[in-house]
Amino acid sequence: MAAMGEALHAHCAVLFPICRSITGPGLRETLRYVGARIPLEIHEVPSGTPVLDWTVPREWVPRSAWIRRLDGTTVVDFAEHNLHLLQYSHAMDAVVPLAELQRHLHSIPEQPELVPYRTAYYSDGWGFCLPHRLRESLGDEAYRVHIDAELKEGSLSYGECLLPGESEAEVLVSIHSCHPSLANDNLSGIALGLELARALSARRRRLSWRFLFLPGTIGSLAWLARNRDGVGRVAYGLVLTCLGDGGPITYKASRRGDAPIDRIAAHVLRHESPENRLLPFSPYGYDERQYCSPGFDLPVGCLMRSPNGTFPEYHSSADNLDFVRPEHLARSFAALASIADVIEEDRLLASTSPYGEPQLGRRGLYAPIGGTGPAAAGRGYGQMALLWVLNLADGRHSLLDMAERADLSFAEIRNAAAAAEAAGLLVTASPIADGVTVQDSAPKPRKARP
Amino acid sequence: MAAMGEALHAHCAVLFPICRSITGPGLRETLRYVGARIPLEIHEVPSGTPVLDWTVPREWVPRSAWIRRLDGTTVVDFAEHNLHLLQYSHAMDAVVPLAELQRHLHSIPEQPELVPYRTAYYSDGWGFCLPHRLRESLGDEAYRVHIDAELKEGSLSYGECLLPGESEAEVLVSIHSCHPSLANDNLSGIALGLELARALSARRRRLSWRFLFLPGTIGSLAWLARNRDGVGRVAYGLVLTCLGDGGPITYKASRRGDAPIDRIAAHVLRHESPENRLLPFSPYGYDERQYCSPGFDLPVGCLMRSPNGTFPEYHSSADNLDFVRPEHLARSFAALASIADVIEEDRLLASTSPYGEPQLGRRGLYAPIGGTGPAAAGRGYGQMALLWVLNLADGRHSLLDMAERADLSFAEIRNAAAAAEAAGLLVTASPIADGVTVQDSAPKPRKARP
Amino acid sequence: MAAMGEALHAHCAVLFPICRSITGPGLRETLRYVGARIPLEIHEVPSGTPVLDWTVPREWVPRSAWIRRLDGTTVVDFAEHNLHLLQYSHAMDAVVPLAELQRHLHSIPEQPELVPYRTAYYSDGWGFCLPHRLRESLGDEAYRVHIDAELKEGSLSYGECLLPGESEAEVLVSIHSCHPSLANDNLSGIALGLELARALSARRRRLSWRFLFLPGTIGSLAWLARNRDGVGRVAYGLVLTCLGDGGPITYKASRRGDAPIDRIAAHVLRHESPENRLLPFSPYGYDERQYCSPGFDLPVGCLMRSPNGTFPEYHSSADNLDFVRPEHLARSFAALASIADVIEEDRLLASTSPYGEPQLGRRGLYAPIGGTGPAAAGRGYGQMALLWVLNLADGRHSLLDMAERADLSFAEIRNAAAAAEAAGLLVTASPIADGVTVQDSAPKPRKARP
């Protein structure tokens with residue numbers, strides 16, 4: 001677990017200096033890093049392409065940007081911190097008085113030492129972000145403003161990693177990858193997604209797993225627009241974000257609220273720690289907004305630690321490599337991996353001896369109930385877990401159903417079931433748990449009567 | 001709101017001195033007052049008419065009544081307070097000793113200054129009501145008792161105001177109007193019903209509204225008996241009573257418990273004040289007992305402030321014009337009007353852009369989430385309300401569904417929906433919210449197997 | 001109630017000295033005692049008979065057993081307490097050193113004065129149980145061990161009492177009767193079962209009642225194996241155990257959790273005392289484990305005071321005739337009898353006057369709501385109970401439904417319904433409450449797909 005934490009943090013550290021945006025070279029460089037580690041198809045969607053209600057914007061290529069006093073001393077320089085330049089600023093080279101400059105500056109009065117993160121994707125403008133203390137120190141003089149940036153007909157890039165499984169049913173893992181030099185939001189998500197894909201690529205998969213590394217909002221809209229007929233295959237989905245801070249592990253439910261992924265995440269988080277949090281769906285946040293729009297209504301939730309806007313480092317220069325910690329990343333990954341385990345391993349079981357209890361003693365499965373200590377630790381399950389599995393194995397209960405009713409972890413129930421299966425007492429009644437369905441295409445909203 | 005409070009109290013003040021009963025001239029005078037302000041059909045049901053399990057009683061016409069000492073001094077006089085005479089007392093003129101008189105006197109030992117309200121509709125008797133302190137002061141002498149009252153073959157009167165709407169589905173508002181000189185119970189109900197009808201008569205109505213001003217129990221039984229085949233049109237219903245005291249606004253659910261009116265009243269009361277109360281149905285109270293009898297089982301709840309029997313002024317001379325306050329009446333009316341708004345305006349909506357979120361920025365609908373203050377106040381809704389409306393507009397959610405899921409008021413959601421509709425992002429999927437049905441006639445109870 | 005308590009305790013006192021086991025003469029003697037008081041068919045199932053996944057073991061006939069020092073002084077003697085001999089010990093006659101003897105001794109270090117109850121039904125061994133203090137006092141010398149006991153091809157015995165009713169639907173009452181000299185677990189269950197059967201045999205029965213007095217686990221498995229095709233008739237079921245201690249009355253639900261018996265027991269216990277407890281099903285405990293195995297899934301719960309393993313006297317010599325008290329037994333019996341009343345008397349009712357409230361005054365059924373004191377006591381119900389019954393009598397509500405919705409006891413609602421029925425206001429719509437079904441055979445688990 002310590003090694004995993006270090007590996008996750010190392011990914012963040014490599015990617016941190018790159019200036020990503022919703023298009024452009026920094027995003028592509030990030031996708032190349034991911035693609036060097038897992039099989040990743042990189043898609044390019046040309047500027048101007050309509051995607052659902054939106055249009056792919058021009059590609060932004062920032063090169064250099066600074067504000068200097070006329071004596072040549074530097075106020076801020078994009079080369080020092082990616083956040084200094086307002087994203088999607090157009091090119092600029094002029095001397096402006098302080099009053100005009102102020103209209104293009106962004107700072108946080110309540111956090112005077114931090115540089116904020118600001119964007120202007122869909123407006124035409126320019127600007128700089130800087131610490132409020134520095135802004136207040138600016139003398140009433142003229143400043144030279146220089147921005148060497150291009151807004152050109154190019155393309156939006158996103159990366160897609162499909163790990164085919166035995167079933168066409170898919171697990172969608174979506175990670176926004178467009179933020180510059182912000183470690184928790186969302187290098188942590190990129191790191192966890194990358195490592196989960198790597199782990200899954202090395203094992204037998206019951207389900208197909210699809211990982212998307214894409215720019216927020218416009219990226220998921222582009223993927224949805226291009227895969228409209230295939231989204232019915234999505235049986236489970238997770239948006240990964242903000243997974244490196246020290247907050248409790250938090251799951252925000254899908255719009256459906258009772259999708260299998262909602263139940264699985266709730267189960268795993270409850271057993272991981274009583275401090276963990278379950279939030280209901282709300283139409284604000286990350287790309288779950290798009291996946292859960294009414295026309296798609298996909299079973300996609302969001303896994304995170306501290307939600308957007310709820311931690312002081314959010315969208316500022318304080319969301320850096322010190323803020324995300326290896327131990328937090330590792331714990332988040334363990335929870336994510338547990339969710340993946342349930343998705344992969346849940347199934348319906350049937351007892352081969354359903355009439356009366358089977359005699360456990362002659363099969364070496366009988367342990368005194370009091371003795372759940374060392375024996376249970378050795379086997380990975382207690383006697384009560386075995387009794388619950390045998391009692392509920394009627395072909396209608398899945399392993400997760402059993403774990404929930406027994407109030408035991410999925411892992412303990414799974415281990416008990418494996419022991420019973422090895423003793424010939426259980427068979428798989430269905431490899432798919434109830435509630436998981438695969439549709440030919442996205443559900444259609446009810447026809448409107450105008 | 002202050003003006004409405006004064007207007008409501010003024011109705012009570014005019015009607016207070018009239019001696020109403022379940023039949024007779026006081027009831028008719030009250031109906032004439034209402035009929036002078038809203039379109040009201042006055043029905044007369046002859047004495048002796050069978051109405052369901054009951055029979056319309058004789059009409060009671062009290063003229064004068066008093067108890068005097070033989071020296072001519074007055075003990076009590078009906079001319080001074082309507083409550084002094086037991087309702088439905090027959091005529092009487094006799095000198096009786098104190099011991100016999102006592103058997104015909106009613107007082108409240110715990111509230112020795114108050115005159116109680118007592119009735120004897122369905123028994124044959126006479127009596128007087130007086131303060132317990134006065135009763136205890138009576139000397140052991142003979143008294144002259146005089147009652148000039150008639151019990152004659154006449155009729156029971158009730159008033160019916162139908163405001164037709166675009167749909168045949170009806171909203172039933174029932175108000176018992178038989179109590180003499182009791183202000184909260186139920187002149188307050190008469191005043192609110194009258195003003196709600198007046199307000200609705202001036203606007204476009206999606207639903208038909210039927211207001212009944214009738215004597216308690218026997219009046220609603222008579223209406224039900226005469227309209228048995230039409231009650232299936234009742235899609236919502238409210239009994240109005242005790243709306244002028246200072247208690248929390250209280251809604252008692254229909255027998256069904258999950259009728260649309262139950263949900264609407266709960267929503268409005270919860271958003272009006274956290275102090276408000278929701279009570280489950282119980283088969284004791286006002287005319288909801290008849291509407292919710294098992295053969296009819298209509299979706300009729302009861303809106304009130306303090307329920308019957310729960311305030312010390314109840315059914316006594318203390319329930320007077322000082323007890324009901326304009327500000328209480330006005331607040332009750334505002335809640336009632338909000339309920340009427342939801343009934344009239346709830347409907348199913350469908351997004352015209354359901355796949356992914358629509359781009360709000362180019363439609364001028366985008367506001368930063370933090371900025372819900374003045375902007376929201378100006379538009380009547382915050383950005384979250386708009387996001388919820390667009391997310392849930394799948395043709396299956398009504399405005400009320402959206403308000404409940406977003407935990408916002410119906411009014412804010414309605415305003416956000418209006419803005420989205422104006423921008424072409426929404427259409428009405430169905431003008432009728434789910435759960436509202438109109439039947440050809442009353443539901444039949446399951447046939448009994450004797 | 002006091003007399004019933006004494007009678008129940010007297011049964012325990014007679015049966016206490018007998019050394020029962022899962023087979024053998026002590027079990028047969030116990031069944032003969034029961035059979036002398038209620039009609040009981042005694043079944044014998046030969047050793048070696050396969051019963052579901054198990055096999056009927058050999059019959060155990062213990063005659064004498066002791067440990068003596070070589071100087072002839074006695075350490076323990078089976079003749080002094082049945083618990084001294086490990087159940088199913090084989091014959092033995094040898095002199096053994098202390099070290100070897102220790103491997104065959106059982107005691108409770110935490111309760112050094114008590115003799116534990118231990119069994120070895122399905123292993124081949126011998127042993128003695130004794131107070132830990134005595135065990136610790138044993139000198140390092142040799143001991144003579146003597147066990148005169150036979151393990152022979154014989155049979156397993158159980159007793160079955162069927163009280164036929166008007167319906168084929170059955171109530172199964174199962175009582176394990178295999179424990180030696182343990183008063184609460186389970187002479188209390190035997191005593192209550194016997195007296196309930198006696199009481200029911202003297203009354204008209206809507207349902208058929210089947211009482212089983214059998215050895216735990218293997219006995220219920222044997223009955224299930226021999227009655228596999230008939231278990232679909234079981235509409236309600238109760239396991240009776242540990243009913244003589246002072247703990248709150250406790251009901252452990254059936255595996256279904258929402259079977260009629262679960263609802264009935266919950267209702268009765270809640271009204272009996274707020275201290276009573278409802279436990280969810282778990283696959284550990286008594287014979288409900290077999291009845292609720294997935295192939296049968298019968299609606300069988302467990303009625304008790306303190307559950308197995310939760311009281312310090314459990315499975316030790318402290319579970320004696322002083323531990324079970326007549327007053328506890330009597331209160332348990334009253335609750336059991338109330339459950340039986342609901343099972344027998346619940347039914348669907350329909351009003352003969354469902355449109356509007358019937359006029360109670362002319363039928364002598366009207367009482368002021370305030371006056372629920374002495375009048376209600378005299379009639380056995382209050383006015384609210386009568387109003388609820390009439391309001392809910394729509395052919396779809398049973399007496400229990402009414403009691404639950406009114407939050408009144410079943411008995412009060414039943415009494416009010418009887419009064420309304422006597423006045424011609426109610427008829428029985430169905431003699432069977434909803435949710436009670438009789439199947440041709442046991443439900444089959446869903447077919448497994450291997």
# chains A, B, ... in the order shown; residues from 1 in each chain; ligands from 1
>>> select_by_dssp(residues="range 174-307 of chain B", states="alpha helix (DSSP H)", output="PyMOL selection string")
chain B and resi 188-201+218-226+260-272+288-291
>>> residues_around(residues="Asp53 in chain B", least_positions_apart="6", cutoff="10 Å", atoms="only C-alpha atoms", output="ChimeraX atom specification")
/B:221,225 /C:353-360
>>> write_last_selection(atoms="all heavy atoms", output="PDB file, in the first residue's frame")
ATOM      1  N   LEU B 221     -72.894  15.142   4.298  1.00  0.00           N
ATOM      2  CA  LEU B 221     -73.617  13.911   3.958  1.00  0.00           C
ATOM      3  C   LEU B 221     -74.669  14.200   2.891  1.00  0.00           C
ATOM      4  O   LEU B 221     -74.850  13.420   1.946  1.00  0.00           O
ATOM      5  CB  LEU B 221     -74.268  13.321   5.209  1.00  0.00           C
ATOM      6  CG  LEU B 221     -73.292  12.702   6.229  1.00  0.00           C
ATOM      7  CD1 LEU B 221     -73.975  12.494   7.578  1.00  0.00           C
ATOM      8  CD2 LEU B 221     -72.741  11.370   5.713  1.00  0.00           C
ATOM      9  N   ALA B 225     -74.695  12.615  -0.777  1.00  0.00           N
ATOM     10  CA  ALA B 225     -75.844  11.807  -1.204  1.00  0.00           C
ATOM     11  C   ALA B 225     -76.377  12.313  -2.547  1.00  0.00           C
ATOM     12  O   ALA B 225     -76.773  11.524  -3.406  1.00  0.00           O
ATOM     13  CB  ALA B 225     -76.946  11.865  -0.145  1.00  0.00           C
TER      14      ALA B 225
ATOM     15  N   SER C 353     -72.329   0.046   5.619  1.00  0.00           N
ATOM     16  CA  SER C 353     -72.761   1.433   5.441  1.00  0.00           C
ATOM     17  C   SER C 353     -71.526   2.283   5.126  1.00  0.00           C
ATOM     18  O   SER C 353     -71.155   3.159   5.882  1.00  0.00           O
ATOM     19  CB  SER C 353     -73.452   1.898   6.734  1.00  0.00           C
ATOM     20  OG  SER C 353     -73.906   3.236   6.605  1.00  0.00           O
ATOM     21  N   PRO C 354     -70.894   1.991   3.976  1.00  0.00           N
ATOM     22  CA  PRO C 354     -69.580   2.597   3.741  1.00  0.00           C
ATOM     23  C   PRO C 354     -69.618   4.039   3.228  1.00  0.00           C
ATOM     24  O   PRO C 354     -68.590   4.705   3.232  1.00  0.00           O
ATOM     25  CB  PRO C 354     -68.965   1.685   2.677  1.00  0.00           C
ATOM     26  CG  PRO C 354     -70.127   1.159   1.912  1.00  0.00           C
ATOM     27  CD  PRO C 354     -71.241   1.032   2.906  1.00  0.00           C
ATOM     28  N   TYR C 355     -70.798   4.500   2.781  1.00  0.00           N
ATOM     29  CA  TYR C 355     -70.870   5.841   2.197  1.00  0.00           C
ATOM     30  C   TYR C 355     -71.243   6.838   3.278  1.00  0.00           C
ATOM     31  O   TYR C 355     -72.385   6.885   3.723  1.00  0.00           O
ATOM     32  CB  TYR C 355     -71.875   5.856   1.042  1.00  0.00           C
ATOM     33  CG  TYR C 355     -71.408   4.999  -0.115  1.00  0.00           C
ATOM     34  CD1 TYR C 355     -71.890   3.699  -0.278  1.00  0.00           C
ATOM     35  CD2 TYR C 355     -70.441   5.461  -1.004  1.00  0.00           C
ATOM     36  CE1 TYR C 355     -71.430   2.902  -1.316  1.00  0.00           C
ATOM     37  CE2 TYR C 355     -69.981   4.673  -2.046  1.00  0.00           C
ATOM     38  CZ  TYR C 355     -70.481   3.397  -2.195  1.00  0.00           C
ATOM     39  OH  TYR C 355     -70.015   2.606  -3.210  1.00  0.00           O
ATOM     40  N   GLY C 356     -70.282   7.634   3.697  1.00  0.00           N
ATOM     41  CA  GLY C 356     -70.483   8.514   4.847  1.00  0.00           C
ATOM     42  C   GLY C 356     -70.426   7.689   6.121  1.00  0.00           C
ATOM     43  O   GLY C 356     -70.468   6.458   6.092  1.00  0.00           O
ATOM     44  N   GLU C 357     -70.306   8.383   7.261  1.00  0.00           N
ATOM     45  CA  GLU C 357     -70.293   7.639   8.522  1.00  0.00           C
ATOM     46  C   GLU C 357     -71.696   7.149   8.857  1.00  0.00           C
ATOM     47  O   GLU C 357     -72.655   7.886   8.668  1.00  0.00           O
ATOM     48  CB  GLU C 357     -69.812   8.556   9.653  1.00  0.00           C
ATOM     49  CG  GLU C 357     -68.343   8.947   9.538  1.00  0.00           C
ATOM     50  CD  GLU C 357     -67.870   9.754  10.730  1.00  0.00           C
ATOM     51  OE1 GLU C 357     -68.594  10.702  11.128  1.00  0.00           O
ATOM     52  OE2 GLU C 357     -66.808   9.455  11.260  1.00  0.00           O
ATOM     53  N   PRO C 358     -71.812   5.957   9.366  1.00  0.00           N
ATOM     54  CA  PRO C 358     -73.135   5.549   9.857  1.00  0.00           C
ATOM     55  C   PRO C 358     -73.502   6.356  11.099  1.00  0.00           C
ATOM     56  O   PRO C 358     -72.633   6.831  11.836  1.00  0.00           O
ATOM     57  CB  PRO C 358     -72.950   4.064  10.199  1.00  0.00           C
ATOM     58  CG  PRO C 358     -71.486   3.874  10.353  1.00  0.00           C
ATOM     59  CD  PRO C 358     -70.802   4.907   9.512  1.00  0.00           C
ATOM     60  N   GLN C 359     -74.812   6.562  11.304  1.00  0.00           N
ATOM     61  CA  GLN C 359     -75.239   7.332  12.472  1.00  0.00           C
ATOM     62  C   GLN C 359     -75.186   6.429  13.708  1.00  0.00           C
ATOM     63  O   GLN C 359     -76.017   5.532  13.880  1.00  0.00           O
ATOM     64  CB  GLN C 359     -76.654   7.878  12.258  1.00  0.00           C
ATOM     65  CG  GLN C 359     -76.981   8.966  13.271  1.00  0.00           C
ATOM     66  CD  GLN C 359     -78.354   9.565  13.050  1.00  0.00           C
ATOM     67  OE1 GLN C 359     -79.150   9.072  12.251  1.00  0.00           O
ATOM     68  NE2 GLN C 359     -78.655  10.644  13.757  1.00  0.00           N
ATOM     69  N   LEU C 360     -74.207   6.645  14.542  1.00  0.00           N
ATOM     70  CA  LEU C 360     -74.003   5.762  15.692  1.00  0.00           C
ATOM     71  C   LEU C 360     -75.034   6.014  16.787  1.00  0.00           C
ATOM     72  O   LEU C 360     -75.404   5.097  17.522  1.00  0.00           O
ATOM     73  CB  LEU C 360     -72.587   5.957  16.244  1.00  0.00           C
ATOM     74  CG  LEU C 360     -71.476   5.614  15.245  1.00  0.00           C
ATOM     75  CD1 LEU C 360     -70.107   5.845  15.880  1.00  0.00           C
ATOM     76  CD2 LEU C 360     -71.614   4.165  14.779  1.00  0.00           C
TER      77      LEU C 360
END
>>> closest_atom_pairs(of="chain A", to="chain C", cutoff="12 Å", atoms="only C-alpha atoms", output="Markdown table")
| residue | atom | partner | partner_atom | distance |
| --- | --- | --- | --- | --- |
| A:Arg347 | CA | C:Arg449 | CA | 11.4 |
| A:Leu348 | CA | C:Ala448 | CA | 9.0 |
| A:Leu349 | CA | C:Ala448 | CA | 7.6 |
| A:Ala350 | CA | C:Ala448 | CA | 5.7 |
| A:Ser351 | CA | C:Pro294 | CA | 8.0 |
| A:Thr352 | CA | C:Ala448 | CA | 8.6 |
| A:Ser353 | CA | C:Asp53 | CA | 7.0 |
| A:Pro354 | CA | C:Gly295 | CA | 4.4 |
| A:Tyr355 | CA | C:Gly295 | CA | 4.5 |
| A:Gly356 | CA | C:Gln290 | CA | 4.6 |
| A:Glu357 | CA | C:Gln290 | CA | 5.9 |
| A:Pro358 | CA | C:Asp53 | CA | 5.4 |
| A:Gln359 | CA | C:Trp54 | CA | 6.2 |
| A:Leu360 | CA | C:Asp53 | CA | 9.7 |
| A:Gly361 | CA | C:Tyr122 | CA | 8.1 |
| A:Arg362 | CA | C:Tyr122 | CA | 8.8 |
| A:Arg363 | CA | C:Asp53 | CA | 11.4 |
| A:Tyr366 | CA | C:Tyr122 | CA | 11.7 |
| A:Pro368 | CA | C:Tyr284 | CA | 11.3 |
| A:Ile369 | CA | C:Tyr284 | CA | 8.9 |
| A:Gly370 | CA | C:Gly309 | CA | 9.9 |
| A:Gln383 | CA | C:Tyr284 | CA | 9.8 |
| A:Met384 | CA | C:Pro283 | CA | 7.6 |
| A:Ala385 | CA | C:Pro283 | CA | 9.5 |
| A:Leu386 | CA | C:Pro283 | CA | 9.5 |
| A:Leu387 | CA | C:Pro283 | CA | 5.9 |
| A:Trp388 | CA | C:Pro283 | CA | 6.0 |
| A:Val389 | CA | C:Pro283 | CA | 9.4 |
| A:Leu390 | CA | C:Pro294 | CA | 7.9 |
| A:Asn391 | CA | C:Ser293 | CA | 5.5 |
| A:Leu392 | CA | C:Pro294 | CA | 6.2 |
| A:Ala393 | CA | C:Pro294 | CA | 6.8 |
| A:Asp394 | CA | C:Pro445 | CA | 5.3 |
| A:Gly395 | CA | C:Arg446 | CA | 5.2 |
| A:Arg396 | CA | C:Arg446 | CA | 6.9 |
| A:His397 | CA | C:Arg446 | CA | 10.3 |
| A:Met402 | CA | C:Ser282 | CA | 11.5 |
| A:Arg405 | CA | C:Ser282 | CA | 9.1 |
| A:Ala406 | CA | C:Ser282 | CA | 7.9 |
| A:Asp407 | CA | C:Ser282 | CA | 10.8 |
| A:Glu421 | CA | C:Pro450 | CA | 11.3 |
| A:Gly424 | CA | C:Pro450 | CA | 11.7 |
| A:Leu425 | CA | C:Asp53 | CA | 10.8 |
| A:Leu426 | CA | C:Pro450 | CA | 9.4 |
| A:Val427 | CA | C:Pro450 | CA | 5.7 |
| A:Thr428 | CA | C:Pro450 | CA | 5.5 |
| A:Ala429 | CA | C:Ala448 | CA | 4.3 |
| A:Ser430 | CA | C:Arg449 | CA | 6.2 |
| A:Pro431 | CA | C:Arg449 | CA | 8.9 |
| A:Ile432 | CA | C:Arg449 | CA | 11.4 |
>>> residues_around(residues="His9 in chain A", least_positions_apart="6", cutoff="12 Å", atoms="only C-alpha atoms", output="ChimeraX atom specification")
/A:2-3,15-16,183-184,187-192,195,243-245,320-330,333
